[in-house]
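Everything below belongs to target.txt, which stores compact mmCIF, N, CA and C atoms.
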```txt
# COMPACT_ATOMS: atom_id res chain seq x y z
N MET A 299 -70.80 187.78 -2.71
CA MET A 299 -70.08 188.99 -3.02
C MET A 299 -68.85 188.60 -3.83
N PHE A 300 -68.62 189.26 -4.97
CA PHE A 300 -67.48 188.95 -5.82
C PHE A 300 -66.86 190.25 -6.28
N SER A 301 -65.58 190.44 -6.02
CA SER A 301 -64.92 191.66 -6.44
C SER A 301 -63.49 191.35 -6.82
N THR A 302 -63.19 191.46 -8.09
CA THR A 302 -61.84 191.28 -8.61
C THR A 302 -61.15 190.02 -8.09
N GLY A 303 -61.83 188.91 -8.16
CA GLY A 303 -61.20 187.65 -7.78
C GLY A 303 -61.29 187.29 -6.32
N ILE A 304 -61.86 188.16 -5.49
CA ILE A 304 -62.04 187.83 -4.08
C ILE A 304 -63.50 187.47 -3.88
N CYS A 305 -63.73 186.33 -3.30
CA CYS A 305 -65.09 185.86 -3.13
C CYS A 305 -65.38 185.74 -1.64
N ALA A 306 -66.53 186.21 -1.19
CA ALA A 306 -66.89 186.12 0.22
C ALA A 306 -68.34 185.69 0.35
N SER A 307 -68.59 184.87 1.33
CA SER A 307 -69.95 184.49 1.68
C SER A 307 -70.46 185.55 2.67
N VAL A 308 -71.70 186.01 2.48
CA VAL A 308 -72.24 187.04 3.37
C VAL A 308 -73.54 186.55 4.00
N SER A 309 -73.83 187.08 5.19
CA SER A 309 -75.06 186.74 5.89
C SER A 309 -76.22 187.53 5.31
N ASP A 310 -77.43 187.30 5.84
CA ASP A 310 -78.61 188.05 5.39
C ASP A 310 -78.45 189.54 5.66
N ASP A 311 -77.61 189.90 6.65
CA ASP A 311 -77.35 191.31 6.97
C ASP A 311 -76.16 191.86 6.19
N LEU A 312 -75.70 191.08 5.20
CA LEU A 312 -74.56 191.43 4.35
C LEU A 312 -73.24 191.55 5.11
N GLU A 313 -73.13 190.81 6.21
CA GLU A 313 -71.88 190.75 6.95
C GLU A 313 -71.05 189.59 6.40
N PRO A 314 -69.77 189.80 6.10
CA PRO A 314 -68.94 188.72 5.58
C PRO A 314 -68.83 187.57 6.60
N ARG A 315 -68.98 186.33 6.10
CA ARG A 315 -68.85 185.15 6.96
C ARG A 315 -67.58 184.38 6.65
N LYS A 316 -67.22 184.30 5.38
CA LYS A 316 -66.08 183.48 4.98
C LYS A 316 -65.48 184.09 3.72
N THR A 317 -64.18 184.19 3.67
CA THR A 317 -63.50 184.72 2.50
C THR A 317 -62.74 183.59 1.82
N ILE A 318 -62.77 183.60 0.51
CA ILE A 318 -62.08 182.60 -0.30
C ILE A 318 -60.85 183.27 -0.89
N ALA A 319 -59.78 182.54 -1.01
CA ALA A 319 -58.51 183.09 -1.49
C ALA A 319 -58.67 183.87 -2.78
N PRO A 320 -57.94 184.98 -2.93
CA PRO A 320 -58.02 185.80 -4.16
C PRO A 320 -57.64 185.05 -5.42
N THR A 321 -56.92 183.95 -5.30
CA THR A 321 -56.52 183.20 -6.49
C THR A 321 -57.69 182.41 -7.08
N GLU A 322 -58.73 182.20 -6.29
CA GLU A 322 -59.90 181.48 -6.80
C GLU A 322 -60.78 182.49 -7.54
N GLN A 323 -61.03 182.25 -8.80
CA GLN A 323 -61.73 183.22 -9.64
C GLN A 323 -63.24 183.05 -9.67
N LYS A 324 -63.77 181.98 -9.08
CA LYS A 324 -65.20 181.76 -9.09
C LYS A 324 -65.71 181.64 -7.67
N CYS A 325 -66.88 182.18 -7.42
CA CYS A 325 -67.52 181.95 -6.14
C CYS A 325 -67.99 180.50 -6.09
N GLN A 326 -68.04 179.93 -4.91
CA GLN A 326 -68.44 178.54 -4.77
C GLN A 326 -69.95 178.38 -4.69
N THR A 327 -70.68 179.41 -4.92
CA THR A 327 -72.12 179.34 -4.78
C THR A 327 -72.78 180.10 -5.93
N PHE A 328 -74.06 179.88 -6.09
CA PHE A 328 -74.81 180.62 -7.09
C PHE A 328 -75.00 182.06 -6.63
N MET A 329 -75.15 182.95 -7.57
CA MET A 329 -75.39 184.34 -7.26
C MET A 329 -76.43 184.89 -8.22
N ASP A 330 -77.43 185.55 -7.69
CA ASP A 330 -78.46 186.19 -8.50
C ASP A 330 -78.35 187.69 -8.32
N ILE A 331 -78.27 188.42 -9.42
CA ILE A 331 -78.19 189.88 -9.38
C ILE A 331 -79.29 190.44 -10.26
N VAL A 332 -80.06 191.37 -9.70
CA VAL A 332 -81.07 192.08 -10.49
C VAL A 332 -80.66 193.55 -10.48
N ILE A 333 -80.45 194.09 -11.67
CA ILE A 333 -80.06 195.49 -11.82
C ILE A 333 -81.32 196.29 -12.13
N VAL A 334 -81.52 197.37 -11.37
CA VAL A 334 -82.68 198.23 -11.54
C VAL A 334 -82.22 199.49 -12.26
N VAL A 335 -82.82 199.76 -13.44
CA VAL A 335 -82.37 200.84 -14.32
C VAL A 335 -83.48 201.89 -14.49
N ASP A 336 -83.12 203.15 -14.30
CA ASP A 336 -84.06 204.26 -14.51
C ASP A 336 -84.17 204.52 -16.02
N GLY A 337 -85.36 204.32 -16.57
CA GLY A 337 -85.58 204.53 -18.00
C GLY A 337 -86.44 205.75 -18.28
N SER A 338 -86.56 206.65 -17.30
CA SER A 338 -87.40 207.84 -17.49
C SER A 338 -86.70 208.86 -18.38
N ASN A 339 -87.43 209.91 -18.70
CA ASN A 339 -86.88 210.96 -19.56
C ASN A 339 -85.75 211.75 -18.91
N SER A 340 -85.55 211.58 -17.60
CA SER A 340 -84.48 212.31 -16.92
C SER A 340 -83.10 211.72 -17.22
N ILE A 341 -83.06 210.55 -17.83
CA ILE A 341 -81.80 209.90 -18.15
C ILE A 341 -81.48 210.11 -19.63
N TYR A 342 -80.34 210.80 -19.89
CA TYR A 342 -79.98 211.11 -21.27
C TYR A 342 -78.47 211.26 -21.33
N PRO A 343 -77.78 210.81 -22.31
CA PRO A 343 -78.25 209.99 -23.42
C PRO A 343 -78.37 208.52 -23.02
N TRP A 344 -79.32 207.83 -23.59
CA TRP A 344 -79.58 206.43 -23.25
C TRP A 344 -78.40 205.53 -23.62
N SER A 345 -77.67 205.88 -24.64
CA SER A 345 -76.52 205.06 -25.06
C SER A 345 -75.50 204.93 -23.94
N GLU A 346 -75.41 205.93 -23.07
CA GLU A 346 -74.48 205.85 -21.93
C GLU A 346 -74.92 204.78 -20.94
N VAL A 347 -76.23 204.63 -20.77
CA VAL A 347 -76.76 203.58 -19.89
C VAL A 347 -76.44 202.22 -20.49
N GLN A 348 -76.68 202.08 -21.79
CA GLN A 348 -76.39 200.81 -22.47
C GLN A 348 -74.90 200.48 -22.36
N ASN A 349 -74.03 201.46 -22.55
CA ASN A 349 -72.59 201.24 -22.45
C ASN A 349 -72.18 200.85 -21.03
N PHE A 350 -72.76 201.53 -20.03
CA PHE A 350 -72.48 201.21 -18.64
C PHE A 350 -72.87 199.77 -18.33
N LEU A 351 -74.09 199.38 -18.72
CA LEU A 351 -74.55 198.02 -18.47
C LEU A 351 -73.66 197.00 -19.16
N SER A 352 -73.33 197.23 -20.42
CA SER A 352 -72.47 196.30 -21.16
C SER A 352 -71.12 196.17 -20.49
N ASN A 353 -70.56 197.28 -20.04
CA ASN A 353 -69.25 197.27 -19.41
C ASN A 353 -69.27 196.49 -18.10
N ILE A 354 -70.22 196.76 -17.24
CA ILE A 354 -70.26 196.08 -15.94
C ILE A 354 -70.62 194.60 -16.11
N LEU A 355 -71.54 194.30 -16.99
CA LEU A 355 -71.95 192.91 -17.19
C LEU A 355 -70.83 192.08 -17.80
N SER A 356 -69.98 192.69 -18.60
CA SER A 356 -68.88 191.94 -19.23
C SER A 356 -67.87 191.45 -18.19
N LYS A 357 -67.90 192.02 -17.00
CA LYS A 357 -66.95 191.63 -15.95
C LYS A 357 -67.47 190.46 -15.11
N PHE A 358 -68.73 190.10 -15.26
CA PHE A 358 -69.32 189.00 -14.49
C PHE A 358 -69.07 187.67 -15.17
N HIS A 359 -69.02 186.61 -14.36
CA HIS A 359 -68.89 185.24 -14.86
C HIS A 359 -70.28 184.64 -14.88
N ILE A 360 -71.03 184.88 -15.95
CA ILE A 360 -72.42 184.44 -16.03
C ILE A 360 -72.49 183.07 -16.67
N SER A 361 -73.11 182.16 -15.94
CA SER A 361 -73.35 180.80 -16.44
C SER A 361 -74.39 180.16 -15.53
N SER A 362 -74.97 179.08 -15.98
CA SER A 362 -76.02 178.43 -15.20
C SER A 362 -75.51 177.88 -13.87
N ASP A 363 -74.19 177.66 -13.74
CA ASP A 363 -73.66 177.14 -12.49
C ASP A 363 -72.89 178.18 -11.69
N GLN A 364 -73.03 179.46 -12.04
CA GLN A 364 -72.26 180.49 -11.35
C GLN A 364 -73.10 181.70 -10.97
N MET A 365 -73.56 182.45 -11.94
CA MET A 365 -74.25 183.71 -11.69
C MET A 365 -75.34 183.92 -12.72
N GLN A 366 -76.47 184.48 -12.27
CA GLN A 366 -77.55 184.85 -13.17
C GLN A 366 -77.83 186.34 -12.98
N VAL A 367 -78.21 187.01 -14.06
CA VAL A 367 -78.47 188.44 -14.00
C VAL A 367 -79.82 188.74 -14.63
N GLY A 368 -80.58 189.61 -13.97
CA GLY A 368 -81.84 190.11 -14.52
C GLY A 368 -81.78 191.63 -14.55
N ILE A 369 -82.59 192.22 -15.43
CA ILE A 369 -82.67 193.68 -15.53
C ILE A 369 -84.13 194.10 -15.39
N LEU A 370 -84.36 195.08 -14.53
CA LEU A 370 -85.68 195.67 -14.39
C LEU A 370 -85.54 197.16 -14.71
N GLN A 371 -86.31 197.63 -15.67
CA GLN A 371 -86.27 199.04 -16.05
C GLN A 371 -87.56 199.70 -15.57
N TYR A 372 -87.43 200.92 -15.09
CA TYR A 372 -88.61 201.62 -14.58
C TYR A 372 -88.66 203.07 -15.04
N ALA A 373 -89.84 203.57 -15.08
CA ALA A 373 -90.16 204.98 -15.26
C ALA A 373 -91.53 205.12 -14.60
N GLU A 374 -92.58 205.25 -15.41
CA GLU A 374 -93.93 205.28 -14.85
C GLU A 374 -94.39 203.88 -14.43
N VAL A 375 -93.87 202.86 -15.11
CA VAL A 375 -94.12 201.46 -14.74
C VAL A 375 -92.78 200.74 -14.69
N ALA A 376 -92.76 199.60 -14.03
CA ALA A 376 -91.55 198.79 -13.98
C ALA A 376 -91.73 197.57 -14.88
N VAL A 377 -90.70 197.27 -15.67
CA VAL A 377 -90.77 196.18 -16.63
C VAL A 377 -89.52 195.32 -16.50
N HIS A 378 -89.71 194.00 -16.42
CA HIS A 378 -88.57 193.09 -16.44
C HIS A 378 -88.07 193.01 -17.88
N GLU A 379 -86.90 193.57 -18.12
CA GLU A 379 -86.30 193.47 -19.46
C GLU A 379 -85.94 192.01 -19.73
N TRP A 380 -85.36 191.37 -18.72
CA TRP A 380 -85.16 189.93 -18.76
C TRP A 380 -85.03 189.42 -17.35
N SER A 381 -85.40 188.16 -17.18
CA SER A 381 -85.36 187.51 -15.87
C SER A 381 -84.06 186.74 -15.70
N LEU A 382 -83.85 186.25 -14.51
CA LEU A 382 -82.58 185.61 -14.16
C LEU A 382 -82.17 184.46 -15.09
N LYS A 383 -83.11 183.68 -15.53
CA LYS A 383 -82.75 182.49 -16.31
C LYS A 383 -82.83 182.70 -17.83
N ASP A 384 -83.09 183.92 -18.27
CA ASP A 384 -83.26 184.17 -19.70
C ASP A 384 -81.97 184.03 -20.51
N TYR A 385 -80.84 184.41 -19.92
CA TYR A 385 -79.56 184.33 -20.63
C TYR A 385 -78.57 183.55 -19.78
N GLN A 386 -77.77 182.70 -20.43
CA GLN A 386 -76.90 181.80 -19.71
C GLN A 386 -75.41 182.07 -19.86
N THR A 387 -75.04 183.08 -20.65
CA THR A 387 -73.62 183.40 -20.81
C THR A 387 -73.41 184.90 -20.68
N THR A 388 -72.19 185.27 -20.37
CA THR A 388 -71.84 186.69 -20.28
C THR A 388 -72.07 187.37 -21.63
N GLN A 389 -71.67 186.73 -22.71
CA GLN A 389 -71.83 187.32 -24.04
C GLN A 389 -73.30 187.59 -24.36
N GLU A 390 -74.19 186.65 -24.03
CA GLU A 390 -75.62 186.85 -24.28
C GLU A 390 -76.17 188.04 -23.51
N VAL A 391 -75.76 188.17 -22.25
CA VAL A 391 -76.24 189.26 -21.41
C VAL A 391 -75.72 190.61 -21.91
N VAL A 392 -74.46 190.66 -22.28
CA VAL A 392 -73.88 191.91 -22.80
C VAL A 392 -74.60 192.34 -24.08
N GLU A 393 -74.85 191.41 -24.98
CA GLU A 393 -75.58 191.74 -26.22
C GLU A 393 -77.00 192.22 -25.92
N ALA A 394 -77.66 191.57 -24.97
CA ALA A 394 -79.02 191.97 -24.61
C ALA A 394 -79.02 193.38 -24.02
N ALA A 395 -78.02 193.71 -23.22
CA ALA A 395 -77.94 195.05 -22.62
C ALA A 395 -77.79 196.13 -23.69
N LYS A 396 -77.07 195.82 -24.74
CA LYS A 396 -76.87 196.79 -25.83
C LYS A 396 -78.17 197.09 -26.57
N ASN A 397 -79.15 196.19 -26.45
CA ASN A 397 -80.40 196.33 -27.20
C ASN A 397 -81.60 196.75 -26.36
N ILE A 398 -81.37 197.13 -25.12
CA ILE A 398 -82.48 197.60 -24.28
C ILE A 398 -82.91 198.98 -24.76
N SER A 399 -84.18 199.13 -25.03
CA SER A 399 -84.73 200.44 -25.41
C SER A 399 -85.22 201.17 -24.17
N ARG A 400 -85.06 202.47 -24.16
CA ARG A 400 -85.52 203.26 -23.02
C ARG A 400 -87.03 203.33 -23.00
N GLN A 401 -87.62 203.15 -21.83
CA GLN A 401 -89.07 203.22 -21.65
C GLN A 401 -89.60 204.62 -21.89
N GLU A 402 -88.95 205.59 -21.32
CA GLU A 402 -89.37 206.99 -21.29
C GLU A 402 -90.56 207.14 -20.35
N GLY A 403 -90.87 208.34 -20.00
CA GLY A 403 -91.96 208.62 -19.09
C GLY A 403 -91.63 209.82 -18.24
N ARG A 404 -92.67 210.46 -17.75
CA ARG A 404 -92.47 211.68 -16.96
C ARG A 404 -92.34 211.40 -15.47
N GLU A 405 -92.67 210.20 -15.04
CA GLU A 405 -92.55 209.85 -13.63
C GLU A 405 -91.36 208.92 -13.43
N THR A 406 -90.80 209.00 -12.23
CA THR A 406 -89.71 208.11 -11.85
C THR A 406 -90.12 207.43 -10.55
N ARG A 407 -90.52 206.18 -10.64
CA ARG A 407 -91.03 205.45 -9.47
C ARG A 407 -89.98 204.47 -8.96
N THR A 408 -88.92 205.05 -8.41
CA THR A 408 -87.76 204.26 -7.96
C THR A 408 -88.12 203.26 -6.88
N ALA A 409 -88.81 203.70 -5.83
CA ALA A 409 -89.15 202.80 -4.72
C ALA A 409 -90.00 201.62 -5.19
N TYR A 410 -90.94 201.89 -6.07
CA TYR A 410 -91.79 200.83 -6.63
C TYR A 410 -90.93 199.81 -7.38
N ALA A 411 -89.98 200.30 -8.18
CA ALA A 411 -89.12 199.41 -8.97
C ALA A 411 -88.24 198.55 -8.07
N ILE A 412 -87.69 199.13 -7.03
CA ILE A 412 -86.85 198.37 -6.11
C ILE A 412 -87.68 197.31 -5.41
N GLN A 413 -88.88 197.66 -5.00
CA GLN A 413 -89.76 196.69 -4.36
C GLN A 413 -90.11 195.55 -5.33
N MET A 414 -90.36 195.89 -6.58
CA MET A 414 -90.67 194.87 -7.57
C MET A 414 -89.47 193.95 -7.82
N ALA A 415 -88.27 194.52 -7.85
CA ALA A 415 -87.06 193.73 -8.04
C ALA A 415 -86.82 192.80 -6.85
N TRP A 416 -87.15 193.25 -5.68
CA TRP A 416 -86.96 192.46 -4.46
C TRP A 416 -87.78 191.21 -4.51
```
Target encoding structure tokens, full file:
Amino acid sequence: MFSTGICASVSDDLEPRKTIAPTEQKCQTFMDIVIVVDGSNSIYPWSEVQNFLSNILSKFHISSDQMQVGILQYAEVAVHEWSLKDYQTTQEVVEAAKNISRQEGRETRTAYAIQMAW
């Protein structure tokens, strides 16, 4: 768990186990984050999704020794836009987020997408 310079180790039940001083800007462990994005026709305008992703991803410290990020987009099917090891820097991930095209589709299979991301 990382939030504005505070790093905490959490258990499998997401209970905090250990907190690291706010002055330490990096977590002492690897972190994998998979973001699940609704790409169905119910989401409009798509540029707002791209802007949101770029904004949030720009705040992460992405590197091979810190954090990896993947994106899974879903509508009628779920598609890995990119996997955890595809990009190694924050700048690469932000640029990739700006270029994600919306899948579109009339169905929204959220539970399926979350299960696939898991």
Write out as a Markdown table a residue-level contact list of stretch 355-402 of chain A versus stretch 332-350 of chain A with cut-off 8 Å: for each qualifying residue the closest pair of atoms and the distance in Å to one decimal, counting only N, CA and C atoms, rows sorted by chain and residue number upward.
```
| residue | atom | partner | partner_atom | distance |
| --- | --- | --- | --- | --- |
| A:Leu355 | N | A:Phe350 | C | 5.8 |
| A:Ser356 | N | A:Phe350 | C | 7.7 |
| A:Gln366 | C | A:Val332 | N | 6.4 |
| A:Val367 | CA | A:Val332 | N | 5.4 |
| A:Gly368 | C | A:Ile333 | N | 4.0 |
| A:Ile369 | CA | A:Ile333 | N | 4.5 |
| A:Leu370 | C | A:Val335 | N | 4.0 |
| A:Gln371 | CA | A:Val335 | C | 4.3 |
| A:Tyr372 | C | A:Gly337 | N | 3.8 |
| A:Ala373 | CA | A:Ser338 | N | 4.5 |
| A:Glu374 | N | A:Ser338 | CA | 6.2 |
| A:Leu382 | CA | A:Val332 | CA | 7.6 |
| A:Ala395 | C | A:Gln348 | CA | 5.0 |
| A:Lys396 | CA | A:Gln348 | CA | 5.3 |
| A:Asn397 | N | A:Gln348 | CA | 6.7 |
| A:Ile398 | N | A:Gln348 | CA | 6.7 |
| A:Ser399 | C | A:Gly337 | CA | 7.0 |
| A:Arg400 | CA | A:Gly337 | CA | 5.2 |
| A:Gln401 | N | A:Gly337 | CA | 4.6 |
| A:Glu402 | N | A:Gly337 | C | 3.9 |
```
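Going from atom CA of A:Ile360 to atom CA of A:Lys383 covers 10.5 Å.
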(request) Point out the residue among A:Gln386, A:Glu393, A:Val375, A:Asp330 with the least atom-to-atom distance to A:Arg407, counting all atoms listed in the file. (result) A:Val375
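Comparing A:Met414, A:Arg315, A:Val392, A:Gly403 by their smallest distance to A:Ile354, the closest is A:Val392 (using only N, CA and C atoms).
Atom CA of A:Met329 to atom CA of A:Ser309 spans 13.4 Å [interatomic distance, one decimal].
The interatomic distance for the pair atom C of A:Ala376 and atom C of A:Trp416 works out to 12.8 Å.
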Give the centre and edge lengths of an axis-aligned box, in Å to one decimal, that holds all listed atoms of stretch 359-363 of chain A with 3 Å on each side, as JSON.
```
{"center_x": -72.5, "center_y": 181.9, "center_z": -14.2, "size_x": 13.1, "size_y": 15.5, "size_z": 11.0}
```
